[in-house]
Number of protein chains: 4
Amino acid sequence: MSVSALPIVKDLKREESLARQYKAVRAHTESLCETLETEDYVVSSMPDVSPTKWHLAHTSWFFETFVLTERDSSYVPLNDRYAFLFNSYYVQAGERHCRAQRGLVTRPTVEEVYEYRRYVDQHMLALLEKVGHDPVITLGLHHEQQHQELLLTDIKHVMWTNPLRPAFDARRVESASRRLDDEWSEVPEGIHRIGFDGDGFAFDNERPPHRVFVDRFRIANHLVTNRQYLNFVEDGGYRKPELWLAAGWAIVKDEQRRAPIYWEKNESRWEEFTFAGMSELDPDIPVRHVSYFEADAYARWAGHRLPTEPEWEIAARTFPEIPDLYGSRWQWTQSAYVAYPGYSPPSGAIGEYNGKWMSDQWVLRGSSVATPPGHARVTYRNFFPSDTRWQFTGIRLASQ
Amino acid sequence: MSVSALPIVKDLKREESLARQYKAVRAHTESLCETLETEDYVVSSMPDVSPTKWHLAHTSWFFETFVLTERDSSYVPLNDRYAFLFNSYYVQAGERHCRAQRGLVTRPTVEEVYEYRRYVDQHMLALLEKVGHDPVITLGLHHEQQHQELLLTDIKHVMWTNPLRPAFDARRVESASRRLDDEWSEVPEGIHRIGFDGDGFAFDNERPPHRVFVDRFRIANHLVTNRQYLNFVEDGGYRKPELWLAAGWAIVKDEQRRAPIYWEKNESRWEEFTFAGMSELDPDIPVRHVSYFEADAYARWAGHRLPTEPEWEIAARTFPEIPDLYGSRWQWTQSAYVAYPGYSPPSGAIGEYNGKWMSDQWVLRGSSVATPPGHARVTYRNFFPSDTRWQFTGIRLASQ
Amino acid sequence: MSVSALPIVKDLKREESLARQYKAVRAHTESLCETLETEDYVVSSMPDVSPTKWHLAHTSWFFETFVLTERDSSYVPLNDRYAFLFNSYYVQAGERHCRAQRGLVTRPTVEEVYEYRRYVDQHMLALLEKVGHDPVITLGLHHEQQHQELLLTDIKHVMWTNPLRPAFDARRVESASRRLDDEWSEVPEGIHRIGFDGDGFAFDNERPPHRVFVDRFRIANHLVTNRQYLNFVEDGGYRKPELWLAAGWAIVKDEQRRAPIYWEKNESRWEEFTFAGMSELDPDIPVRHVSYFEADAYARWAGHRLPTEPEWEIAARTFPEIPDLYGSRWQWTQSAYVAYPGYSPPSGAIGEYNGKWMSDQWVLRGSSVATPPGHARVTYRNFFPSDTRWQFTGIRLASQ
Amino acid sequence: MSVSALPIVKDLKREESLARQYKAVRAHTESLCETLETEDYVVSSMPDVSPTKWHLAHTSWFFETFVLTERDSSYVPLNDRYAFLFNSYYVQAGERHCRAQRGLVTRPTVEEVYEYRRYVDQHMLALLEKVGHDPVITLGLHHEQQHQELLLTDIKHVMWTNPLRPAFDARRVESASRRLDDEWSEVPEGIHRIGFDGDGFAFDNERPPHRVFVDRFRIANHLVTNRQYLNFVEDGGYRKPELWLAAGWAIVKDEQRRAPIYWEKNESRWEEFTFAGMSELDPDIPVRHVSYFEADAYARWAGHRLPTEPEWEIAARTFPEIPDLYGSRWQWTQSAYVAYPGYSPPSGAIGEYNGKWMSDQWVLRGSSVATPPGHARVTYRNFFPSDTRWQFTGIRLASQ
């Protein structure tokens with residue numbers, strides 16, 4: 001299973017040297033942009049979406065700010081203003097450009113941003129010759145991998161915003177699986193340990209490991225497919241308030257929603273916008289780009305529910321062979337994104353990475369076709385607000 | 001502990017007949033309005049606030065819609081349009097008036113709303129002569145008690161919105177406690193059972209009872225006082241982004257917040273808006289009207305954290321003598337408001353009562369000075385969004 | 001022609017003493033409120049609408065601020081905060097309450113506002129015993145007359161906002177005329193003098209008198225009727241972009257407008273909201289409550305145009321017997337509201353009365369059924385923005 | 001007087017063949033883009049601003065839609081969807097892309113847009129071989145010239161929006177004049193004829209010619225300079241409500257404005273953003289980028305007023321040697337943009353060009369440094385709303 005059919009994709013393997021890892025991750029980011037025109041790099045199609053150009057620069061800024069400036073006293077930034085332009089949200093790292101204006105800035109050009117990457121790479125590689133292990137550099141690599149996924153979901157939204165519905169990259173596969181296992185896996189009640197407890201990399205929010213009690217539960221072996229979701233749509237799922245959370249129903253009504261964001265009914269045929277442009281809806285692949293509200297409504301319609309975060313992790317540890325745990329769709333849980341017992345973020349600006357987002361978001365587990373290989377793990381906690389639709393989000397059901 | 005110094009307040013006791021309970025609750029609602037002028041009943045000072053008049057009518061509509069219309073085939077509504085005007089959010093109970101316009105409707109007049117109450121009461125009391133026990137009527141009484149609290153918090157906000165800062169009711173006490181117990185109670189790790197398991201009344205969201213595992217924790221015996229919160233304010237608490245969740249900090253900056261909603265610094269003196277108008281800040285009573293964002297930031301500043309919902313309930317069951325569990329301030333927990341394992345709402349419109357709100361809210365536990373006596377219990381789950389400030393919300397800290 | 005069928009209405013005659021005029025105007029304002037319930041005085045149904053209570057207070061504040069405080073050194077305001085609450089927009093008269101919050105202020109009560117009127121009246125009448133003539137007092141009376149009209153149009157909108165569509169005052173007539181004179185009056189080209197040049201009262205914006213050249217033109221002797229406007233509606237007037245100004249068409253589309261604000265089609269019958277509640281559309285009376293955009297679109301559809309401001313005044317001076325010049329509907333002109341050549345406002349806060357509104361408004365001429373008798377004159381310049389609909393505005397056509 | 005120092009700029013001369021005129025205008029548009037990077041063509045920095053790419057395409061769409069499709073039955077559009085993407089506001093020409101999204105569309109690329117221009121040019125030049133004179137083609141050329149000016153003002157705003165404040169084109173001169181003639185020209189009272197009456201090209205809104213009466217007036221020979229406007233700023237002009245129209249003052253307060261849009265005070269030095277980037281404020285050139293509100297407030301502060309539209313035209317006809325009538329700054333008049341007596345727009349979509357904008361805008365006269373040479377004339381009516389600041393607008397005073 002891979003993010004794309006392109007040969008360039010490399011895994012981020014722990015046994016490799018940090019320098020090799022660095023080169024692989026940086027190269028992978030740029031490989032994602034192969035099919036882009038210069039114009040495509042510039043715009044932001046909604047507040048959640050950042051320009052490709054910005055992703056390329058911000059991931060470099062991260063190394064510049066948290067590594068080069070800290071570790072290398074002789075380092076001189078390529079451009080003093082980039083610290084302002086490419087800081088995303090680290091308040092303790094200084095003033096920053098308004099997020100809403102990211103898509104209005106035409107300079108530095110794409111070429112200049114690539115020069116910025118070259119400049120940071122050159123200094124990083126020099127530093128890496130002297131450094132064997134560095135947790136902030138490793139964090140920077142995982143950070144860049146997260147932006148690789150965002151880059152893909154953002155550019156998909158940019159392309160879709162265009163009435164011409166251009167293809168981003170026709171070679172890029174969005175659906176890893178057609179496995180249709182209708183079985184459920186059952187986990188008996190008991191105390192389980194969840195959270196990260198190994199010695200490799202994990203984000204702060206995956207720690208500390210801790211015990212939870214769960215009742216007996218069942219979890220679906222397969223993700224909900226387009227065909228199943230279409231049944232919900234055609235059964236009037238978007239017209240029945242009793243299926244929806246109040247906040248979700250308000251949006252469905254206000255915006256007259258009738259289907260997932262990228263679906264379109266042309267005459268009697270359902271189509272879906274993909275990396276390859278509009279194409280006929282494939283009924284046998286897992287549904288994608290559904291919000292928490294949609295996932296929750298579907299589960300209610302189907303007579304089941306979404307799993308909690310501990311349930312998902314316990315099932316994934318217990319039955320690692322369950323299909324599509326990773327690499328297909330992020331799976332909504334019905335657990336809000338809050339701190340684990342005993343959690344505390346690192347001090348300083350880097351502590352803003354995960355901790356300050358712990359309100360009004362849901363945890364998603366697993367990973368998606370857009371996640372770089374090797375990035376996710378069984379304890380990984382992704383999180384998005386209830387109405388998020390532009391990510392590769394899907395539905396795995398649970399039940400008592 | 002009592003909501004007010006007024007003699008009329010009556011408890012809702014289970015041993016009393018349903019008819020006596022009905023009369024007591026209905027009378028208590030009206031007693032809360034004793035000091036209001038007609039004009040005060042009409043307006044809504046922000047989207048969260050409903051006019052007093054609307055509370056009086058909506059609680060009657062509840063009995064009309066879910067009891068009289070269902071149980072009494074001969075019942076004729078006093079006014080056909082009231083079903084439209086006074087339905088709050090029950091989509092399955094028919095079309096309803098836009099919430100945003102509640103404060104623009106001058107008719108029916110206050111007098112006519114009281115006539116509506118009389119009319120419903122007369123039919124309800126006739127029905128109650130024939131009915132010994134009815135879960136929907138009991139639900140209606142608890143529903144009306146919830147609106148008693150909202151009526152008080154709403155009218156406080158209405159009065160505060162007025163630049164004249166008029167008193168609502170100078171006799172009404174807002175602070176039950178001056179107990180300053182600086183001790184903490186410690187609970188050892190283990191599996192505990194939480195949720196409602198008795199045979200009296202509880203809301204659907206308090207069920208089913210279920211087991212949770214918690215690590216050892218400590219919970220504060222006292223609520224955070226105005227004096228303590230003022231230390232946070234004067235230490236620059238509202239100017240330090242590192243103390244705040246990102247969404248909270250964005251609001252603090254945008255609105256240039258510097259203190260809780262009802263605090264005002266006049267020259268060098270801190271004052272607070274109360275039911276009796278502006279008065280000097282009393283340092284020894286528990287802080288009130290703080291949002292989740294403020295409670296969370298305070299806890300971080302103080303080097304502690306908020307309790308989780310299970311922790312609060314386990315502590316309250318284990319140490320029922322902890323001061324101010326009830327009747328003083330609702331206590332924010334760091335648990336999002338989601339369904340208990342195995343929860344399912346009742347069918348029909350009544351099922352919209354609690355279940356459809358399970359996104360983007362936090363659980364608060366205990367009860368406040370504005371909660372009618374006898375209303376709350378150890379399993380009671382109140383819930384509000386992160387930036388809610390107009391409720392009597394306070395802070396109880398927890399720690400490992 | 002009269003504003004209402006009520007006997008109490010009095011004309012404001014120049015030959016009467018200022019004290020008699022004062023009493024008549026002040027009494028007339030209060031007579032308009034005879035049928036109101038207390039609740040009706042409190043709310044504002046849209047930003048343009050002020051609460052009745054506010055009109056009663058603000059007109060008193062005007063006398064307090066610009067007369068009593070200026071002329072009577074011993075005058076002590078009844079309440080110091082009223083100067084803040086009841087200043088409308090006079091920046092030079094000090095800080096003022098936010099207009100958007102006028103409808104949220106329940107105190108002072110209606111009764112207290114009437115006491116405020118009594119208090120100001122008592123001091124004004126004492127002053128008037130010593131004063132024979134005072135331009136600011138006369139201005140205050142004309143100011144109060146303007147608020148009499150606003151009070152009526154505002155309360156009509158408040159009542160309409162209520163889904164119950166209550167009647168304001170069933171005795172109050174909104175349609176002065178059923179004269180259906182299809183003739184046109186023709187005025188030859190030439191230089192004419194317009195603007196106020198008498199020795200009675202006129203607002204500053206009616207001055208100075210000055211010369212204009214107009215080409216030959218014709219002006220309709222009758223106002224456009226409901227029947228005529230209905231023909232436009234039923235001919236698809238609201239679906240043909242070519243009839244509309246761009247800004248008007250944008251609103252028609254966004255809000256899916258299909259008819260004037262107070263019209264409703266119930267089954268196949270057109271009804272109109274009036275002071276007496278909903279009633280069948282009377283085809284023979286002049287259309288009312290149309291915006292400039294609607295008036296302009298209608299004129300284009302009819303193959304004519306709106307008159308300019310000078311044309312209207314010249315026609316009204318030349319043919320004073322043209323029906324419905326006054327007392328029926330304000331008549332939109334295609335002249336923007338700008339200063340007359342040589343205009344300069346008085347100095348001080350009173351200079352803010354008319355001058356600072358001279359942008360993005362159109363001049364209306366004549367007067368309406370809601371205008372107090374004796375208030376208007378041939379040089380009177382009323383003005384409102386393009387989408388204004390809640391005034392008694394109608395259409396008089398012109399043509400080359 | 002020239003738009004730029006670049007040698008390529010050509011005048012649009014009536015004596016030239018239409019084909020030569022066409023080539024000159026089309027080439028001039030492209031010459032304006034010489035210094036742009038691909039990225040610069042894509043974005044829209046505020047709703048008023050269109051992307052450069054869109055200007056290039058829309059002006060071609062105009063010829064395609066109103067000329068090629070009408071005149072050449074064999075014409076096949078290069079891309080069917082361009083009619084949707086590049087229609088600005090011609091409702092009668094079919095559905096069109098939402099203006100707010102113009103800056104989000106990355107495809108067609110800049111290169112493809114230039115191909116579109118080539119394609120349209122090729123067909124137009126073929127057609128022009130057969131056509132001697134065509135009023136719609138001439139209109140299309142004047143239309144494209146208007147977009148040449150907008151292209152410049154839009155790209156200036158785009159560059160300014162970027163915190164790096166990049167230069168658009170350092171060779172481009174924004175200030176034609178340093179003539180400081182403090183004299184006034186006086187025009188006696190009388191009837192004058194204004195409006196277009198020649199046999200060359202003029203827009204429909206310049207017609208019909210008609211007579212107006214004006215009182216004696218004086219008009220300033222010079223435009224207000226930066227130095228003079230700075231005196232107003234430093235005299236507290238932006239802090240004195242009595243100088244401002246109400247709507248203008250509301251904006252000044254809400255947005256805390258202190259100076260024209262492109263001015264910045266860095267330490268004690270005033271700088272201004274120009275085509276060449278930030279540069280020191282030149283005190284001796286005419287102030288630019290002031291809104292109507294600012295022009296009107298300045299005039300009041302200076303003890304004068306703005307000219308009316310007839311006054312400007314009469315003065316310009318009477319004293320054609322008054323400096324800076326053209327080619328420096330558009331000059332605000334205190335006349336609203338309304339139809340001339342007897343005006344009627346052409347039928348069909350082309351009639352939407354000018355007529356439907358006749359509400360809530362002011363007339364500006366003359367032309368600016370960004371106006372292509374030969375485009376303007378003494379009867380030319382430019383128009384913008386009161387708060388427009390991104391155009392090259394300046395102030396010429398008038399007086400009685």
# chains A, B, ... in the order shown; residues from 1 in each chain; ligands from 1
>>> residues_around(residues="Val214 of chain B", least_positions_apart="4", cutoff="10 Å", atoms="only C-alpha atoms", output="PDB file with N, CA, C and O atoms, in the first residue's frame")
ATOM      1  N   HIS A 210      -1.013   4.997  29.619  1.00  0.00           N
ATOM      2  CA  HIS A 210      -1.871   4.946  30.809  1.00  0.00           C
ATOM      3  C   HIS A 210      -2.924   3.860  30.613  1.00  0.00           C
ATOM      4  O   HIS A 210      -3.162   3.383  29.500  1.00  0.00           O
ATOM      5  N   ARG A 211      -3.578   3.505  31.713  1.00  0.00           N
ATOM      6  CA  ARG A 211      -4.560   2.431  31.666  1.00  0.00           C
ATOM      7  C   ARG A 211      -5.984   2.982  31.474  1.00  0.00           C
ATOM      8  O   ARG A 211      -6.304   4.056  31.985  1.00  0.00           O
ATOM      9  N   VAL A 212      -6.770   2.232  30.743  1.00  0.00           N
ATOM     10  CA  VAL A 212      -8.193   2.575  30.598  1.00  0.00           C
ATOM     11  C   VAL A 212      -8.996   1.282  30.750  1.00  0.00           C
ATOM     12  O   VAL A 212      -8.492   0.189  30.464  1.00  0.00           O
ATOM     13  N   PHE A 213     -10.210   1.441  31.210  1.00  0.00           N
ATOM     14  CA  PHE A 213     -11.106   0.296  31.260  1.00  0.00           C
ATOM     15  C   PHE A 213     -12.097   0.422  30.106  1.00  0.00           C
ATOM     16  O   PHE A 213     -12.664   1.497  29.878  1.00  0.00           O
ATOM     17  N   PRO A 341      -4.052  11.618  30.761  1.00  0.00           N
ATOM     18  CA  PRO A 341      -3.752  11.870  32.189  1.00  0.00           C
ATOM     19  C   PRO A 341      -2.245  12.036  32.387  1.00  0.00           C
ATOM     20  O   PRO A 341      -1.471  11.177  31.943  1.00  0.00           O
TER      21      PRO A 341
ATOM     22  N   VAL B 187      -7.631  10.352  45.925  1.00  0.00           N
ATOM     23  CA  VAL B 187      -8.356   9.141  45.573  1.00  0.00           C
ATOM     24  C   VAL B 187      -7.353   8.161  44.958  1.00  0.00           C
ATOM     25  O   VAL B 187      -6.620   8.530  44.049  1.00  0.00           O
ATOM     26  N   PRO B 188      -7.289   6.943  45.455  1.00  0.00           N
ATOM     27  CA  PRO B 188      -6.340   5.976  44.899  1.00  0.00           C
ATOM     28  C   PRO B 188      -6.791   5.454  43.542  1.00  0.00           C
ATOM     29  O   PRO B 188      -7.966   5.556  43.198  1.00  0.00           O
ATOM     30  N   GLU B 189      -5.888   4.890  42.784  1.00  0.00           N
ATOM     31  CA  GLU B 189      -6.233   4.370  41.470  1.00  0.00           C
ATOM     32  C   GLU B 189      -7.196   3.210  41.582  1.00  0.00           C
ATOM     33  O   GLU B 189      -7.299   2.555  42.634  1.00  0.00           O
ATOM     34  N   GLY B 190      -7.931   2.938  40.509  1.00  0.00           N
ATOM     35  CA  GLY B 190      -8.831   1.792  40.542  1.00  0.00           C
ATOM     36  C   GLY B 190      -9.974   1.927  39.548  1.00  0.00           C
ATOM     37  O   GLY B 190     -10.108   2.948  38.854  1.00  0.00           O
ATOM     38  N   ILE B 191     -10.742   0.872  39.474  1.00  0.00           N
ATOM     39  CA  ILE B 191     -11.934   0.885  38.630  1.00  0.00           C
ATOM     40  C   ILE B 191     -13.096   1.390  39.470  1.00  0.00           C
ATOM     41  O   ILE B 191     -13.303   0.934  40.600  1.00  0.00           O
ATOM     42  N   HIS B 192     -13.828   2.357  38.920  1.00  0.00           N
ATOM     43  CA  HIS B 192     -14.983   2.908  39.623  1.00  0.00           C
ATOM     44  C   HIS B 192     -16.192   2.853  38.698  1.00  0.00           C
ATOM     45  O   HIS B 192     -16.050   2.835  37.482  1.00  0.00           O
ATOM     46  N   THR B 308     -11.119  15.520  35.460  1.00  0.00           N
ATOM     47  CA  THR B 308     -11.969  14.921  34.435  1.00  0.00           C
ATOM     48  C   THR B 308     -13.347  14.670  35.049  1.00  0.00           C
ATOM     49  O   THR B 308     -13.527  14.699  36.276  1.00  0.00           O
ATOM     50  N   PRO B 310     -15.033  11.769  35.217  1.00  0.00           N
ATOM     51  CA  PRO B 310     -15.050  10.648  36.160  1.00  0.00           C
ATOM     52  C   PRO B 310     -14.390  10.998  37.491  1.00  0.00           C
ATOM     53  O   PRO B 310     -14.891  10.623  38.544  1.00  0.00           O
ATOM     54  N   GLU B 311     -13.285  11.724  37.433  1.00  0.00           N
ATOM     55  CA  GLU B 311     -12.615  12.092  38.685  1.00  0.00           C
ATOM     56  C   GLU B 311     -13.557  12.881  39.587  1.00  0.00           C
ATOM     57  O   GLU B 311     -13.638  12.647  40.789  1.00  0.00           O
ATOM     58  N   ILE B 314     -16.219  10.526  41.025  1.00  0.00           N
ATOM     59  CA  ILE B 314     -15.653   9.571  41.986  1.00  0.00           C
ATOM     60  C   ILE B 314     -15.315  10.290  43.292  1.00  0.00           C
ATOM     61  O   ILE B 314     -15.621   9.806  44.382  1.00  0.00           O
TER      62      ILE B 314
END
>>> interface_residues(of="chain A", to="chain D", cutoff="9 Å", atoms="only C-alpha atoms", output="MDAnalysis selection string")
chainID A and resid 37:45 81 84:85 97 101 103:110 158:159 161:164 166
>>> write_last_selection(atoms="N, CA, C and O atoms", output="tab-separated table (two decimals), in the first residue's frame")
chain	number	residue	atom	x	y	z
A	37	GLU	N	1.67	23.49	-11.78
A	37	GLU	CA	2.08	24.71	-12.47
A	37	GLU	C	2.44	25.76	-11.42
A	37	GLU	O	1.95	25.70	-10.29
A	38	THR	N	3.23	26.72	-11.79
A	38	THR	CA	3.61	27.78	-10.85
A	38	THR	C	2.38	28.40	-10.19
A	38	THR	O	2.36	28.65	-8.98
A	39	GLU	N	1.35	28.67	-10.98
A	39	GLU	CA	0.15	29.31	-10.45
A	39	GLU	C	-0.49	28.50	-9.32
A	39	GLU	O	-1.07	29.05	-8.39
A	40	ASP	N	-0.43	27.18	-9.42
A	40	ASP	CA	-1.08	26.32	-8.43
A	40	ASP	C	-0.48	26.46	-7.04
A	40	ASP	O	-1.13	26.14	-6.04
A	41	TYR	N	0.75	26.89	-6.96
A	41	TYR	CA	1.44	27.01	-5.67
A	41	TYR	C	0.96	28.18	-4.82
A	41	TYR	O	1.32	28.29	-3.66
A	42	VAL	N	0.19	29.09	-5.42
A	42	VAL	CA	0.06	30.42	-4.80
A	42	VAL	C	-1.18	30.60	-3.92
A	42	VAL	O	-1.15	31.30	-2.91
A	43	VAL	N	-2.30	29.96	-4.28
A	43	VAL	CA	-3.57	30.38	-3.67
A	43	VAL	C	-3.99	29.50	-2.50
A	43	VAL	O	-3.53	28.38	-2.32
A	44	SER	N	-4.92	30.06	-1.73
A	44	SER	CA	-5.58	29.36	-0.63
A	44	SER	C	-7.07	29.40	-0.90
A	44	SER	O	-7.68	30.46	-0.94
A	45	SER	N	-7.69	28.24	-1.07
A	45	SER	CA	-9.08	28.20	-1.52
A	45	SER	C	-10.10	28.29	-0.40
A	45	SER	O	-11.29	28.45	-0.64
A	81	ARG	N	12.74	38.50	6.73
A	81	ARG	CA	11.29	38.59	6.82
A	81	ARG	C	10.63	37.23	6.73
A	81	ARG	O	9.43	37.10	6.99
A	84	PHE	N	8.82	36.01	9.74
A	84	PHE	CA	7.48	36.57	9.91
A	84	PHE	C	6.48	35.88	8.99
A	84	PHE	O	5.38	35.50	9.38
A	85	LEU	N	6.88	35.68	7.75
A	85	LEU	CA	5.95	35.15	6.74
A	85	LEU	C	5.62	33.69	6.94
A	85	LEU	O	4.52	33.25	6.59
A	97	HIS	N	2.62	36.34	10.15
A	97	HIS	CA	1.68	36.81	9.13
A	97	HIS	C	0.32	36.21	9.39
A	97	HIS	O	0.20	35.07	9.84
A	101	GLN	N	-4.23	35.68	5.11
A	101	GLN	CA	-3.61	36.36	3.98
A	101	GLN	C	-2.54	35.52	3.29
A	101	GLN	O	-1.89	35.99	2.36
A	103	GLY	N	-2.69	33.30	1.17
A	103	GLY	CA	-2.91	33.08	-0.25
A	103	GLY	C	-2.86	34.35	-1.08
A	103	GLY	O	-3.19	34.34	-2.25
A	104	LEU	N	-2.47	35.47	-0.46
A	104	LEU	CA	-2.43	36.75	-1.17
A	104	LEU	C	-1.01	37.20	-1.47
A	104	LEU	O	-0.80	38.24	-2.09
A	105	VAL	N	-0.04	36.44	-1.02
A	105	VAL	CA	1.35	36.86	-1.08
A	105	VAL	C	2.02	36.20	-2.29
A	105	VAL	O	2.24	35.00	-2.29
A	106	THR	N	2.36	36.99	-3.29
A	106	THR	CA	2.92	36.41	-4.52
A	106	THR	C	4.43	36.27	-4.46
A	106	THR	O	5.00	35.46	-5.16
A	107	ARG	N	5.07	37.08	-3.63
A	107	ARG	CA	6.51	36.97	-3.44
A	107	ARG	C	6.81	36.54	-2.01
A	107	ARG	O	6.13	37.04	-1.13
A	108	PRO	N	7.83	35.79	-1.71
A	108	PRO	CA	8.80	35.24	-2.65
A	108	PRO	C	8.10	34.32	-3.65
A	108	PRO	O	7.10	33.69	-3.34
A	109	THR	N	8.67	34.25	-4.83
A	109	THR	CA	8.14	33.39	-5.87
A	109	THR	C	8.39	31.92	-5.52
A	109	THR	O	9.13	31.61	-4.58
A	110	VAL	N	7.79	31.07	-6.30
A	110	VAL	CA	8.00	29.64	-6.12
A	110	VAL	C	9.49	29.31	-6.24
A	110	VAL	O	10.06	28.58	-5.42
A	158	VAL	N	-7.91	23.10	-3.71
A	158	VAL	CA	-7.66	24.20	-4.64
A	158	VAL	C	-8.14	23.83	-6.04
A	158	VAL	O	-8.81	24.63	-6.71
A	159	MET	N	-7.82	22.65	-6.47
A	159	MET	CA	-8.21	22.22	-7.82
A	159	MET	C	-9.72	22.12	-7.93
A	159	MET	O	-10.32	22.50	-8.94
A	161	THR	N	-11.91	23.81	-6.30
A	161	THR	CA	-12.51	25.14	-6.25
A	161	THR	C	-12.63	25.75	-7.64
A	161	THR	O	-13.48	26.59	-7.91
A	162	ASN	N	-11.77	25.33	-8.52
A	162	ASN	CA	-11.76	25.82	-9.89
A	162	ASN	C	-12.90	25.18	-10.68
A	162	ASN	O	-13.02	23.96	-10.72
A	163	PRO	N	-13.77	26.00	-11.29
A	163	PRO	CA	-14.90	25.43	-12.05
A	163	PRO	C	-14.46	24.49	-13.17
A	163	PRO	O	-15.25	23.67	-13.62
A	164	LEU	N	-13.21	24.61	-13.59
A	164	LEU	CA	-12.72	23.71	-14.64
A	164	LEU	C	-12.37	22.33	-14.09
A	164	LEU	O	-12.12	21.40	-14.86
A	166	PRO	N	-9.65	20.92	-12.75
A	166	PRO	CA	-8.46	20.31	-13.33
A	166	PRO	C	-7.92	19.17	-12.47
A	166	PRO	O	-8.16	19.11	-11.27
>>> residues_around(residues="Val287 of chain A", least_positions_apart="2", cutoff="6 Å", atoms="only C-alpha atoms", output="PyMOL selection string")
chain A and resi 225-226+394
>>> residues_around(residues="segment 230-242 of chain A", least_positions_apart="3", cutoff="9 Å", atoms="only C-alpha atoms", output="ChimeraX atom specification")
/A:225-227,245-246,249,252-253,256-259,283,294,297-298,301-302 /B:91-92,348-349,351-352,356
>>> write_last_selection(atoms="C-alpha atoms", output="compact mmCIF listing (two decimals), in the first residue's frame")
# COMPACT_ATOMS: atom_id res chain seq x y z
CA THR A 225 -17.73 2.04 1.38
CA ASN A 226 -19.05 4.55 -1.12
CA ARG A 227 -21.85 2.10 -1.91
CA LEU A 245 -26.07 16.25 15.93
CA ALA A 246 -27.71 19.67 16.27
CA TRP A 249 -27.95 19.55 11.13
CA VAL A 252 -26.78 20.67 6.45
CA LYS A 253 -29.84 22.91 6.36
CA GLN A 256 -28.37 22.63 1.67
CA ARG A 257 -25.86 19.82 1.75
CA ARG A 258 -26.87 16.56 0.14
CA ALA A 259 -23.69 14.50 -0.13
CA PRO A 283 -18.86 2.01 -5.07
CA GLU A 294 -21.50 12.89 8.57
CA ALA A 297 -25.04 10.50 11.30
CA TYR A 298 -24.14 7.55 9.11
CA TRP A 301 -28.50 5.49 10.49
CA ALA A 302 -26.66 2.16 10.32
CA VAL B 91 -37.12 19.67 15.09
CA GLN B 92 -39.40 16.68 15.24
CA GLY B 348 -39.16 10.85 19.05
CA ALA B 349 -38.79 14.56 19.66
CA GLY B 351 -34.88 12.27 22.28
CA GLU B 352 -33.53 15.61 21.10
CA LYS B 356 -28.01 15.98 19.81
>>> residues_around(residues="Gly303 of chain C", least_positions_apart="5", cutoff="12 Å", atoms="only C-alpha atoms", output="list of chain:residue names")
C:Phe232, C:Leu243, C:Asp296, C:Ala297, C:Tyr298, C:Leu397, C:Ala398, C:Ser399, C:Gln400, D:Ser344
>>> atom_distance(atom1="atom CA of Thr29 of chain B", atom2="atom CA of Arg178 of chain B")
27.5 Å
>>> residues_around(residues="segment 126-134 of chain D", least_positions_apart="6", cutoff="10 Å", atoms="only C-alpha atoms", output="MDAnalysis selection string")
chainID D and resid 17:20 22 67:68 71:72 120 140
>>> select_by_dssp(residues="segment 84-237 of chain A", states="strand (DSSP E)", output="ChimeraX atom specification")
/A:184-187,190-194,210-214,217-220
>>> select_by_dssp(residues="segment 147-198 of chain C", states="helix (DSSP H, G or I)", output="NGL selection string")
:C and (147-161)
